[in-house]
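**Q** So here's upload_0.pdb (PDB, C-alpha atoms).
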```
ATOM      1  CA  MET A   1     -45.008 -13.578 -15.739
ATOM      2  CA  ASP A   2     -45.170 -16.272 -18.387
ATOM      3  CA  PRO A   3     -44.030 -14.998 -21.823
ATOM      4  CA  ASN A   4     -46.809 -16.962 -23.514
ATOM      5  CA  LEU A   5     -49.403 -15.049 -21.508
ATOM      6  CA  ILE A   6     -47.807 -11.751 -22.527
ATOM      7  CA  VAL A   7     -47.940 -12.702 -26.217
ATOM      8  CA  LEU A   8     -51.552 -13.858 -25.844
ATOM      9  CA  ALA A   9     -52.502 -10.639 -24.058
ATOM     10  CA  PHE A  10     -50.937  -8.434 -26.750
ATOM     11  CA  SER A  11     -52.571 -10.530 -29.476
ATOM     12  CA  ALA A  12     -55.959 -10.186 -27.785
ATOM     13  CA  VAL A  13     -55.479  -6.425 -27.540
ATOM     14  CA  VAL A  14     -54.668  -6.164 -31.263
ATOM     15  CA  ILE A  15     -57.696  -8.272 -32.222
ATOM     16  CA  ALA A  16     -59.949  -6.281 -29.869
ATOM     17  CA  ALA A  17     -58.652  -2.987 -31.314
ATOM     18  CA  TYR A  18     -59.431  -4.197 -34.834
ATOM     19  CA  ALA A  19     -62.907  -5.321 -33.752
ATOM     20  CA  PHE A  20     -63.516  -1.931 -32.126
ATOM     21  CA  ASP A  21     -62.346  -0.173 -35.283
ATOM     22  CA  VAL A  22     -64.714  -2.164 -37.500
ATOM     23  CA  LEU A  23     -67.590  -1.731 -35.036
ATOM     24  CA  CYS A  24     -67.030   2.013 -34.751
ATOM     25  CA  ARG A  25     -66.870   2.509 -38.514
ATOM     26  CA  LYS A  26     -70.165   0.690 -39.017
ATOM     27  CA  ALA A  27     -71.854   2.488 -36.101
ATOM     28  CA  LYS A  28     -70.235   5.837 -37.048
ATOM     29  CA  LEU A  29     -69.046   6.375 -33.478
ATOM     30  CA  PRO A  30     -65.641   7.733 -32.449
ATOM     31  CA  SER A  31     -63.518   4.766 -31.413
ATOM     32  CA  VAL A  32     -62.151   6.693 -28.436
ATOM     33  CA  ILE A  33     -65.624   6.922 -26.911
ATOM     34  CA  VAL A  34     -66.251   3.196 -27.346
ATOM     35  CA  LEU A  35     -62.823   2.350 -25.905
ATOM     36  CA  LEU A  36     -63.402   4.604 -22.893
ATOM     37  CA  LEU A  37     -66.799   3.032 -22.235
ATOM     38  CA  SER A  38     -65.418  -0.491 -22.597
ATOM     39  CA  GLY A  39     -62.585   0.371 -20.214
ATOM     40  CA  ILE A  40     -65.062   1.611 -17.632
ATOM     41  CA  ALA A  41     -67.158  -1.539 -18.090
ATOM     42  CA  LEU A  42     -64.119  -3.819 -17.755
ATOM     43  CA  ARG A  43     -62.999  -2.056 -14.592
ATOM     44  CA  GLN A  44     -66.473  -2.498 -13.086
ATOM     45  CA  PHE A  45     -66.437  -6.164 -14.082
ATOM     46  CA  PHE A  46     -63.024  -6.745 -12.466
ATOM     47  CA  GLU A  47     -64.084  -4.947  -9.267
ATOM     48  CA  ARG A  48     -67.323  -6.932  -8.983
ATOM     49  CA  ALA A  49     -65.546 -10.214  -9.736
ATOM     50  CA  ASP A  50     -62.938  -9.282  -7.087
ATOM     51  CA  ILE A  51     -60.076  -9.569  -9.592
ATOM     52  CA  SER A  52     -57.128  -7.351  -8.719
ATOM     53  CA  LEU A  53     -54.676  -6.116 -11.337
ATOM     54  CA  SER A  54     -52.617  -3.753  -9.200
ATOM     55  CA  TYR A  55     -49.967  -3.054 -11.840
ATOM     56  CA  MET A  56     -52.617  -1.764 -14.246
ATOM     57  CA  ASP A  57     -53.115   1.415 -12.202
ATOM     58  CA  ASP A  58     -49.548   2.392 -13.088
ATOM     59  CA  VAL A  59     -49.535   1.191 -16.697
ATOM     60  CA  LEU A  60     -52.927   2.344 -18.017
ATOM     61  CA  PRO A  61     -52.438   6.120 -17.682
ATOM     62  CA  VAL A  62     -49.177   5.904 -19.618
ATOM     63  CA  LEU A  63     -50.649   3.699 -22.339
ATOM     64  CA  GLY A  64     -53.746   5.889 -22.569
ATOM     65  CA  THR A  65     -51.697   9.044 -22.982
ATOM     66  CA  ILE A  66     -49.497   7.424 -25.637
ATOM     67  CA  GLY A  67     -52.621   6.224 -27.469
ATOM     68  CA  LEU A  68     -54.227   9.663 -27.468
ATOM     69  CA  VAL A  69     -51.038  11.316 -28.716
ATOM     70  CA  LEU A  70     -50.714   8.703 -31.478
ATOM     71  CA  ILE A  71     -54.289   9.395 -32.611
ATOM     72  CA  VAL A  72     -53.510  13.103 -32.928
ATOM     73  CA  LEU A  73     -50.200  12.438 -34.705
ATOM     74  CA  GLU A  74     -51.876  10.021 -37.125
ATOM     75  CA  GLY A  75     -54.345  12.720 -38.078
ATOM     76  CA  ALA A  76     -51.510  15.198 -38.608
ATOM     77  CA  LEU A  77     -49.739  12.854 -41.042
ATOM     78  CA  GLY A  78     -52.324  13.635 -43.701
ATOM     79  CA  LEU A  79     -51.653  17.362 -43.549
ATOM     80  CA  GLU A  80     -49.678  19.151 -46.205
ATOM     81  CA  LEU A  81     -48.217  22.579 -45.395
ATOM     82  CA  ARG A  82     -47.869  24.989 -48.315
ATOM     83  CA  ARG A  83     -47.822  28.777 -48.615
ATOM     84  CA  ASP A  84     -51.283  28.903 -50.168
ATOM     85  CA  LYS A  85     -52.729  27.280 -47.033
ATOM     86  CA  LYS A  86     -51.514  30.068 -44.734
ATOM     87  CA  PRO A  87     -55.030  31.602 -44.265
ATOM     88  CA  LEU A  88     -56.434  28.168 -43.389
ATOM     89  CA  VAL A  89     -53.644  27.572 -40.855
ATOM     90  CA  ILE A  90     -54.219  30.967 -39.215
ATOM     91  CA  GLN A  91     -57.999  30.460 -39.141
ATOM     92  CA  THR A  92     -57.573  26.983 -37.680
ATOM     93  CA  LEU A  93     -55.079  28.197 -35.086
ATOM     94  CA  LEU A  94     -57.427  30.949 -33.935
ATOM     95  CA  ALA A  95     -60.469  28.662 -33.831
ATOM     96  CA  SER A  96     -58.664  25.887 -31.973
ATOM     97  CA  THR A  97     -57.043  28.275 -29.487
ATOM     98  CA  LEU A  98     -60.351  29.963 -28.739
ATOM     99  CA  GLY A  99     -62.126  26.615 -28.398
ATOM    100  CA  PHE A 100     -59.376  25.240 -26.172
ATOM    101  CA  VAL A 101     -59.332  28.259 -23.863
ATOM    102  CA  LEU A 102     -63.116  28.461 -23.565
ATOM    103  CA  SER A 103     -63.677  24.763 -22.902
ATOM    104  CA  PHE A 104     -60.655  24.605 -20.584
ATOM    105  CA  ALA A 105     -61.987  27.557 -18.578
ATOM    106  CA  CYS A 106     -65.537  26.139 -18.480
ATOM    107  CA  ILE A 107     -64.373  22.727 -17.269
ATOM    108  CA  ALA A 108     -62.090  24.292 -14.638
ATOM    109  CA  LEU A 109     -64.883  26.620 -13.501
ATOM    110  CA  ALA A 110     -67.314  23.705 -13.220
ATOM    111  CA  LEU A 111     -64.801  21.647 -11.245
ATOM    112  CA  HIS A 112     -64.003  24.552  -8.927
ATOM    113  CA  THR A 113     -67.692  25.332  -8.410
ATOM    114  CA  LEU A 114     -69.016  21.788  -7.983
ATOM    115  CA  PHE A 115     -66.167  20.389  -5.890
ATOM    116  CA  PRO A 116     -64.243  22.027  -3.051
ATOM    117  CA  THR A 117     -60.929  22.275  -4.888
ATOM    118  CA  SER A 118     -58.331  24.921  -5.608
ATOM    119  CA  TRP A 119     -58.069  26.675  -8.959
ATOM    120  CA  THR A 120     -54.724  25.000  -9.612
ATOM    121  CA  ARG A 121     -56.163  21.538  -9.115
ATOM    122  CA  ALA A 122     -59.235  22.427 -11.206
ATOM    123  CA  PHE A 123     -57.051  23.566 -14.122
ATOM    124  CA  LEU A 124     -54.797  20.506 -13.857
ATOM    125  CA  THR A 125     -57.826  18.224 -13.798
ATOM    126  CA  ALA A 126     -59.293  19.953 -16.868
ATOM    127  CA  CYS A 127     -56.142  19.324 -18.968
ATOM    128  CA  PRO A 128     -56.818  15.665 -19.959
ATOM    129  CA  PHE A 129     -60.298  16.524 -21.198
ATOM    130  CA  GLU A 130     -58.776  18.746 -23.883
ATOM    131  CA  GLU A 131     -56.583  15.928 -25.216
ATOM    132  CA  ILE A 132     -59.494  13.514 -25.253
ATOM    133  CA  SER A 133     -61.584  15.973 -27.274
ATOM    134  CA  SER A 134     -58.827  16.096 -29.921
ATOM    135  CA  ALA A 135     -58.700  12.330 -30.037
ATOM    136  CA  VAL A 136     -62.463  12.260 -30.603
ATOM    137  CA  ALA A 137     -62.586  15.050 -33.198
ATOM    138  CA  ILE A 138     -59.777  13.846 -35.454
ATOM    139  CA  PRO A 139     -61.088  10.308 -36.159
ATOM    140  CA  SER A 140     -64.625  11.699 -36.450
ATOM    141  CA  ALA A 141     -63.476  14.001 -39.259
ATOM    142  CA  GLY A 142     -62.822  11.040 -41.533
ATOM    143  CA  SER A 143     -66.255  11.256 -43.125
ATOM    144  CA  LEU A 144     -65.974  14.992 -43.919
ATOM    145  CA  SER A 145     -64.835  16.535 -47.185
ATOM    146  CA  ALA A 146     -61.089  17.000 -47.627
ATOM    147  CA  ALA A 147     -61.133  20.743 -46.841
ATOM    148  CA  ARG A 148     -63.255  20.340 -43.722
ATOM    149  CA  ARG A 149     -61.246  17.320 -42.553
ATOM    150  CA  GLU A 150     -58.056  19.348 -42.929
ATOM    151  CA  PHE A 151     -59.578  22.176 -40.863
ATOM    152  CA  VAL A 152     -60.561  19.787 -38.056
ATOM    153  CA  VAL A 153     -57.192  18.055 -37.983
TER     154      VAL A 153
END
```
Would you put the structure from the file into structure tokens?
**A**
Amino acid sequence: MDPNLIVLAFSAVVIAAYAFDVLCRKAKLPSVIVLLLSGIALRQFFERADISLSYMDDVLPVLGTIGLVLIVLEGALGLELRRDKKPLVIQTLLASTLGFVLSFACIALALHTLFPTSWTRAFLTACPFEEISSAVAIPSAGSLSAARREFVV
């Protein structure tokens, strides 16, 4: 592949990410939701235009996972751990664990009930939805007060 095309593609991605960030701040929407919807729209466009990017099926899941993890890590950078915050940490741990287990079980149950699949496959399929919910919640907490934002993150 031509190196100039690679540089242009990465530049376009950076500019598009900035545009999405500005758009999402003004519309008060989580950027992850807008990026997911635009990805679905682009895939539909490429399929209807009969454009094949076969290597993208291997690259996109990796890039998506790295992006979601970076969103969560960016949110964690603003945290400050001190002894006086121990009750908040325990409360947050309990709330997040309970929320994770309940939503994980509900998604797996829905998948197992609606589709003829094994429990193992239903639980494995439910896993990415939990990471996406973190990536939506953390940027959305930006408009909250400092104490509430810290609880969400």
**Q** Restricting the calculation to only C-alpha atoms, which member of A:Ala110, A:Lys85, A:Glu130, A:Thr65 is positioned closest to Thr97 in chain A?
**A** A:Glu130
**Q** Starting from 3 Å padding per side, set up an axis-aligned box that covers all listed atoms of range 112-121 of chain A and hand over centre and edge lengths in Å, one decimal, as lines of an AutoDock Vina configuration file.
**A**
```
center_x = -61.9
center_y = 23.5
center_z = -6.3
size_x = 20.3
size_y = 12.3
size_z = 12.6
```
**Q** Return the single residue from A:Val62, A:Ile40, A:Val32, A:Ala105 that is closest to Ala137 in chain A, with distances computed using only C-alpha atoms.
**A**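 Of all the options, A:Val32 lies closest to Ala137 in chain A.
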**Q** Evaluating the PyMOL selection byres ((chain A and resi 33) around 10) on the displayed file yields which residues, as a PyMOL selection string?
**A** chain A and resi 24+29-32+34-39+132-133+135-136
**Q** Could you tell me which residues the PyMOL selection byres ((chain A and resi 76) around 12) returns for this structure, as a PyMOL selection string?
**A** chain A and resi 69-75+77-81+134-135+138-139+149-153
**Q** Hey, can you spit out that residue selection with C-alpha atoms as a JSON list (two decimals), in the frame of the given file?
**A**
```json
[["chain", "number", "residue", "atom", "x", "y", "z"],
["A", 69, "VAL", "CA", -51.04, 11.32, -28.72],
["A", 70, "LEU", "CA", -50.71, 8.70, -31.48],
["A", 71, "ILE", "CA", -54.29, 9.40, -32.61],
["A", 72, "VAL", "CA", -53.51, 13.10, -32.93],
["A", 73, "LEU", "CA", -50.20, 12.44, -34.70],
["A", 74, "GLU", "CA", -51.88, 10.02, -37.12],
["A", 75, "GLY", "CA", -54.34, 12.72, -38.08],
["A", 77, "LEU", "CA", -49.74, 12.85, -41.04],
["A", 78, "GLY", "CA", -52.32, 13.64, -43.70],
["A", 79, "LEU", "CA", -51.65, 17.36, -43.55],
["A", 80, "GLU", "CA", -49.68, 19.15, -46.20],
["A", 81, "LEU", "CA", -48.22, 22.58, -45.40],
["A", 134, "SER", "CA", -58.83, 16.10, -29.92],
["A", 135, "ALA", "CA", -58.70, 12.33, -30.04],
["A", 138, "ILE", "CA", -59.78, 13.85, -35.45],
["A", 139, "PRO", "CA", -61.09, 10.31, -36.16],
["A", 149, "ARG", "CA", -61.25, 17.32, -42.55],
["A", 150, "GLU", "CA", -58.06, 19.35, -42.93],
["A", 151, "PHE", "CA", -59.58, 22.18, -40.86],
["A", 152, "VAL", "CA", -60.56, 19.79, -38.06],
["A", 153, "VAL", "CA", -57.19, 18.06, -37.98]]
```
**Q** How many Å separate CA of Phe104 in chain A from CA of Cys127 in chain A?
**A**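 A separation of 7.1 Å between them.
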**Q** CA of Ala16 in chain A and CA of Leu53 in chain A, how far apart in Å?
**A**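 Answer for the CA of Leu53 in chain A to CA of Ala16 in chain A separation: 19.3 Å.
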**Q** Have a look at CA of Arg43 in chain A and CA of Val13 in chain A and let me know their distance in Å, one decimal.
**A**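 Those two atoms sit 15.6 Å apart.
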**Q** Keeping N, CA and C atoms (and nothing else), can you write range 39-87 of chain A of this structure as a PDB file, in the first residue's frame?
**A**
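Result written to selection_17.pdb:
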```pdb
ATOM      1  N   GLY A  39     -20.024   3.865  12.367  1.00  0.00           N
ATOM      2  CA  GLY A  39     -19.390   2.648  11.857  1.00  0.00           C
ATOM      3  C   GLY A  39     -20.382   1.735  11.177  1.00  0.00           C
ATOM      4  N   ILE A  40     -21.562   1.602  11.771  1.00  0.00           N
ATOM      5  CA  ILE A  40     -22.613   0.787  11.157  1.00  0.00           C
ATOM      6  C   ILE A  40     -23.035   1.402   9.820  1.00  0.00           C
ATOM      7  N   ALA A  41     -23.189   2.716   9.794  1.00  0.00           N
ATOM      8  CA  ALA A  41     -23.587   3.397   8.555  1.00  0.00           C
ATOM      9  C   ALA A  41     -22.528   3.242   7.472  1.00  0.00           C
ATOM     10  N   LEU A  42     -21.251   3.390   7.841  1.00  0.00           N
ATOM     11  CA  LEU A  42     -20.177   3.228   6.856  1.00  0.00           C
ATOM     12  C   LEU A  42     -20.127   1.811   6.310  1.00  0.00           C
ATOM     13  N   ARG A  43     -20.318   0.828   7.177  1.00  0.00           N
ATOM     14  CA  ARG A  43     -20.311  -0.558   6.704  1.00  0.00           C
ATOM     15  C   ARG A  43     -21.445  -0.795   5.706  1.00  0.00           C
ATOM     16  N   GLN A  44     -22.635  -0.263   6.017  1.00  0.00           N
ATOM     17  CA  GLN A  44     -23.759  -0.396   5.089  1.00  0.00           C
ATOM     18  C   GLN A  44     -23.462   0.294   3.762  1.00  0.00           C
ATOM     19  N   PHE A  45     -22.842   1.464   3.837  1.00  0.00           N
ATOM     20  CA  PHE A  45     -22.479   2.188   2.615  1.00  0.00           C
ATOM     21  C   PHE A  45     -21.505   1.374   1.770  1.00  0.00           C
ATOM     22  N   PHE A  46     -20.460   0.820   2.398  1.00  0.00           N
ATOM     23  CA  PHE A  46     -19.474   0.031   1.658  1.00  0.00           C
ATOM     24  C   PHE A  46     -20.095  -1.223   1.053  1.00  0.00           C
ATOM     25  N   GLU A  47     -21.002  -1.874   1.788  1.00  0.00           N
ATOM     26  CA  GLU A  47     -21.662  -3.072   1.250  1.00  0.00           C
ATOM     27  C   GLU A  47     -22.561  -2.731   0.071  1.00  0.00           C
ATOM     28  N   ARG A  48     -23.295  -1.635   0.159  1.00  0.00           N
ATOM     29  CA  ARG A  48     -24.194  -1.250  -0.937  1.00  0.00           C
ATOM     30  C   ARG A  48     -23.419  -0.741  -2.149  1.00  0.00           C
ATOM     31  N   ALA A  49     -22.274  -0.117  -1.915  1.00  0.00           N
ATOM     32  CA  ALA A  49     -21.446   0.369  -3.016  1.00  0.00           C
ATOM     33  C   ALA A  49     -20.542  -0.731  -3.563  1.00  0.00           C
ATOM     34  N   ASP A  50     -20.635  -1.924  -2.983  1.00  0.00           N
ATOM     35  CA  ASP A  50     -19.843  -3.091  -3.391  1.00  0.00           C
ATOM     36  C   ASP A  50     -18.339  -2.818  -3.283  1.00  0.00           C
ATOM     37  N   ILE A  51     -17.954  -2.149  -2.197  1.00  0.00           N
ATOM     38  CA  ILE A  51     -16.544  -1.887  -1.901  1.00  0.00           C
ATOM     39  C   ILE A  51     -16.121  -2.883  -0.835  1.00  0.00           C
ATOM     40  N   SER A  52     -15.044  -3.613  -1.122  1.00  0.00           N
ATOM     41  CA  SER A  52     -14.602  -4.659  -0.195  1.00  0.00           C
ATOM     42  C   SER A  52     -13.291  -4.256   0.472  1.00  0.00           C
ATOM     43  N   LEU A  53     -13.299  -4.215   1.780  1.00  0.00           N
ATOM     44  CA  LEU A  53     -12.091  -3.972   2.565  1.00  0.00           C
ATOM     45  C   LEU A  53     -11.884  -5.188   3.455  1.00  0.00           C
ATOM     46  N   SER A  54     -11.365  -6.259   2.881  1.00  0.00           N
ATOM     47  CA  SER A  54     -11.292  -7.537   3.587  1.00  0.00           C
ATOM     48  C   SER A  54     -10.397  -7.480   4.826  1.00  0.00           C
ATOM     49  N   TYR A  55      -9.355  -6.703   4.799  1.00  0.00           N
ATOM     50  CA  TYR A  55      -8.441  -6.635   5.940  1.00  0.00           C
ATOM     51  C   TYR A  55      -9.077  -5.934   7.135  1.00  0.00           C
ATOM     52  N   MET A  56     -10.126  -5.169   6.913  1.00  0.00           N
ATOM     53  CA  MET A  56     -10.761  -4.443   8.010  1.00  0.00           C
ATOM     54  C   MET A  56     -11.449  -5.377   8.997  1.00  0.00           C
ATOM     55  N   ASP A  57     -11.915  -6.533   8.540  1.00  0.00           N
ATOM     56  CA  ASP A  57     -12.563  -7.479   9.447  1.00  0.00           C
ATOM     57  C   ASP A  57     -11.599  -7.996  10.504  1.00  0.00           C
ATOM     58  N   ASP A  58     -10.310  -8.001  10.203  1.00  0.00           N
ATOM     59  CA  ASP A  58      -9.312  -8.433  11.174  1.00  0.00           C
ATOM     60  C   ASP A  58      -8.817  -7.280  12.037  1.00  0.00           C
ATOM     61  N   VAL A  59      -8.768  -6.091  11.487  1.00  0.00           N
ATOM     62  CA  VAL A  59      -8.181  -4.942  12.173  1.00  0.00           C
ATOM     63  C   VAL A  59      -9.180  -4.245  13.105  1.00  0.00           C
ATOM     64  N   LEU A  60     -10.420  -4.094  12.677  1.00  0.00           N
ATOM     65  CA  LEU A  60     -11.391  -3.311  13.443  1.00  0.00           C
ATOM     66  C   LEU A  60     -11.672  -3.838  14.845  1.00  0.00           C
ATOM     67  N   PRO A  61     -11.837  -5.144  15.049  1.00  0.00           N
ATOM     68  CA  PRO A  61     -12.068  -5.590  16.434  1.00  0.00           C
ATOM     69  C   PRO A  61     -10.920  -5.242  17.375  1.00  0.00           C
ATOM     70  N   VAL A  62      -9.711  -5.340  16.883  1.00  0.00           N
ATOM     71  CA  VAL A  62      -8.541  -5.013  17.717  1.00  0.00           C
ATOM     72  C   VAL A  62      -8.521  -3.523  18.025  1.00  0.00           C
ATOM     73  N   LEU A  63      -8.710  -2.699  17.003  1.00  0.00           N
ATOM     74  CA  LEU A  63      -8.708  -1.250  17.219  1.00  0.00           C
ATOM     75  C   LEU A  63      -9.866  -0.818  18.111  1.00  0.00           C
ATOM     76  N   GLY A  64     -11.025  -1.430  17.939  1.00  0.00           N
ATOM     77  CA  GLY A  64     -12.170  -1.102  18.779  1.00  0.00           C
ATOM     78  C   GLY A  64     -11.928  -1.431  20.238  1.00  0.00           C
ATOM     79  N   THR A  65     -11.347  -2.598  20.482  1.00  0.00           N
ATOM     80  CA  THR A  65     -11.052  -2.996  21.860  1.00  0.00           C
ATOM     81  C   THR A  65     -10.023  -2.061  22.486  1.00  0.00           C
ATOM     82  N   ILE A  66      -8.987  -1.728  21.743  1.00  0.00           N
ATOM     83  CA  ILE A  66      -7.966  -0.799  22.251  1.00  0.00           C
ATOM     84  C   ILE A  66      -8.604   0.557  22.552  1.00  0.00           C
ATOM     85  N   GLY A  67      -9.482   1.027  21.675  1.00  0.00           N
ATOM     86  CA  GLY A  67     -10.153   2.307  21.892  1.00  0.00           C
ATOM     87  C   GLY A  67     -11.007   2.304  23.146  1.00  0.00           C
ATOM     88  N   LEU A  68     -11.771   1.233  23.354  1.00  0.00           N
ATOM     89  CA  LEU A  68     -12.622   1.160  24.537  1.00  0.00           C
ATOM     90  C   LEU A  68     -11.796   1.122  25.817  1.00  0.00           C
ATOM     91  N   VAL A  69     -10.703   0.364  25.800  1.00  0.00           N
ATOM     92  CA  VAL A  69      -9.835   0.293  26.975  1.00  0.00           C
ATOM     93  C   VAL A  69      -9.198   1.655  27.244  1.00  0.00           C
ATOM     94  N   LEU A  70      -8.798   2.365  26.193  1.00  0.00           N
ATOM     95  CA  LEU A  70      -8.200   3.689  26.379  1.00  0.00           C
ATOM     96  C   LEU A  70      -9.205   4.683  26.959  1.00  0.00           C
ATOM     97  N   ILE A  71     -10.467   4.577  26.575  1.00  0.00           N
ATOM     98  CA  ILE A  71     -11.492   5.456  27.143  1.00  0.00           C
ATOM     99  C   ILE A  71     -11.601   5.231  28.646  1.00  0.00           C
ATOM    100  N   VAL A  72     -11.629   3.959  29.052  1.00  0.00           N
ATOM    101  CA  VAL A  72     -11.739   3.638  30.473  1.00  0.00           C
ATOM    102  C   VAL A  72     -10.488   4.095  31.223  1.00  0.00           C
ATOM    103  N   LEU A  73      -9.311   3.866  30.640  1.00  0.00           N
ATOM    104  CA  LEU A  73      -8.073   4.291  31.304  1.00  0.00           C
ATOM    105  C   LEU A  73      -7.974   5.806  31.404  1.00  0.00           C
ATOM    106  N   GLU A  74      -8.456   6.524  30.386  1.00  0.00           N
ATOM    107  CA  GLU A  74      -8.435   7.983  30.440  1.00  0.00           C
ATOM    108  C   GLU A  74      -9.300   8.488  31.588  1.00  0.00           C
ATOM    109  N   GLY A  75     -10.434   7.865  31.777  1.00  0.00           N
ATOM    110  CA  GLY A  75     -11.297   8.254  32.894  1.00  0.00           C
ATOM    111  C   GLY A  75     -10.642   7.982  34.230  1.00  0.00           C
ATOM    112  N   ALA A  76      -9.881   6.889  34.318  1.00  0.00           N
ATOM    113  CA  ALA A  76      -9.230   6.523  35.575  1.00  0.00           C
ATOM    114  C   ALA A  76      -8.054   7.444  35.904  1.00  0.00           C
ATOM    115  N   LEU A  77      -7.521   8.147  34.929  1.00  0.00           N
ATOM    116  CA  LEU A  77      -6.388   9.041  35.196  1.00  0.00           C
ATOM    117  C   LEU A  77      -6.768  10.182  36.140  1.00  0.00           C
ATOM    118  N   GLY A  78      -8.019  10.569  36.136  1.00  0.00           N
ATOM    119  CA  GLY A  78      -8.449  11.664  36.993  1.00  0.00           C
ATOM    120  C   GLY A  78      -8.739  11.249  38.422  1.00  0.00           C
ATOM    121  N   LEU A  79      -8.618   9.972  38.718  1.00  0.00           N
ATOM    122  CA  LEU A  79      -8.903   9.494  40.068  1.00  0.00           C
ATOM    123  C   LEU A  79      -7.705   9.698  40.987  1.00  0.00           C
ATOM    124  N   GLU A  80      -8.022   9.931  42.236  1.00  0.00           N
ATOM    125  CA  GLU A  80      -6.987  10.101  43.247  1.00  0.00           C
ATOM    126  C   GLU A  80      -7.339   9.193  44.424  1.00  0.00           C
ATOM    127  N   LEU A  81      -6.488   8.217  44.712  1.00  0.00           N
ATOM    128  CA  LEU A  81      -6.760   7.284  45.808  1.00  0.00           C
ATOM    129  C   LEU A  81      -6.110   7.780  47.097  1.00  0.00           C
ATOM    130  N   ARG A  82      -6.953   7.955  48.126  1.00  0.00           N
ATOM    131  CA  ARG A  82      -6.481   8.342  49.448  1.00  0.00           C
ATOM    132  C   ARG A  82      -7.270   7.542  50.467  1.00  0.00           C
ATOM    133  N   ARG A  83      -6.769   7.490  51.681  1.00  0.00           N
ATOM    134  CA  ARG A  83      -7.438   6.715  52.747  1.00  0.00           C
ATOM    135  C   ARG A  83      -8.844   7.221  53.047  1.00  0.00           C
ATOM    136  N   ASP A  84      -9.053   8.520  52.965  1.00  0.00           N
ATOM    137  CA  ASP A  84     -10.373   9.060  53.288  1.00  0.00           C
ATOM    138  C   ASP A  84     -11.426   8.708  52.235  1.00  0.00           C
ATOM    139  N   LYS A  85     -11.010   8.189  51.094  1.00  0.00           N
ATOM    140  CA  LYS A  85     -11.947   7.810  50.045  1.00  0.00           C
ATOM    141  C   LYS A  85     -12.272   6.318  50.072  1.00  0.00           C
ATOM    142  N   LYS A  86     -11.842   5.625  51.131  1.00  0.00           N
ATOM    143  CA  LYS A  86     -12.093   4.189  51.227  1.00  0.00           C
ATOM    144  C   LYS A  86     -13.588   3.843  51.184  1.00  0.00           C
ATOM    145  N   PRO A  87     -14.473   4.551  51.908  1.00  0.00           N
ATOM    146  CA  PRO A  87     -15.913   4.233  51.810  1.00  0.00           C
ATOM    147  C   PRO A  87     -16.464   4.415  50.390  1.00  0.00           C
TER     148      PRO A  87
END
```
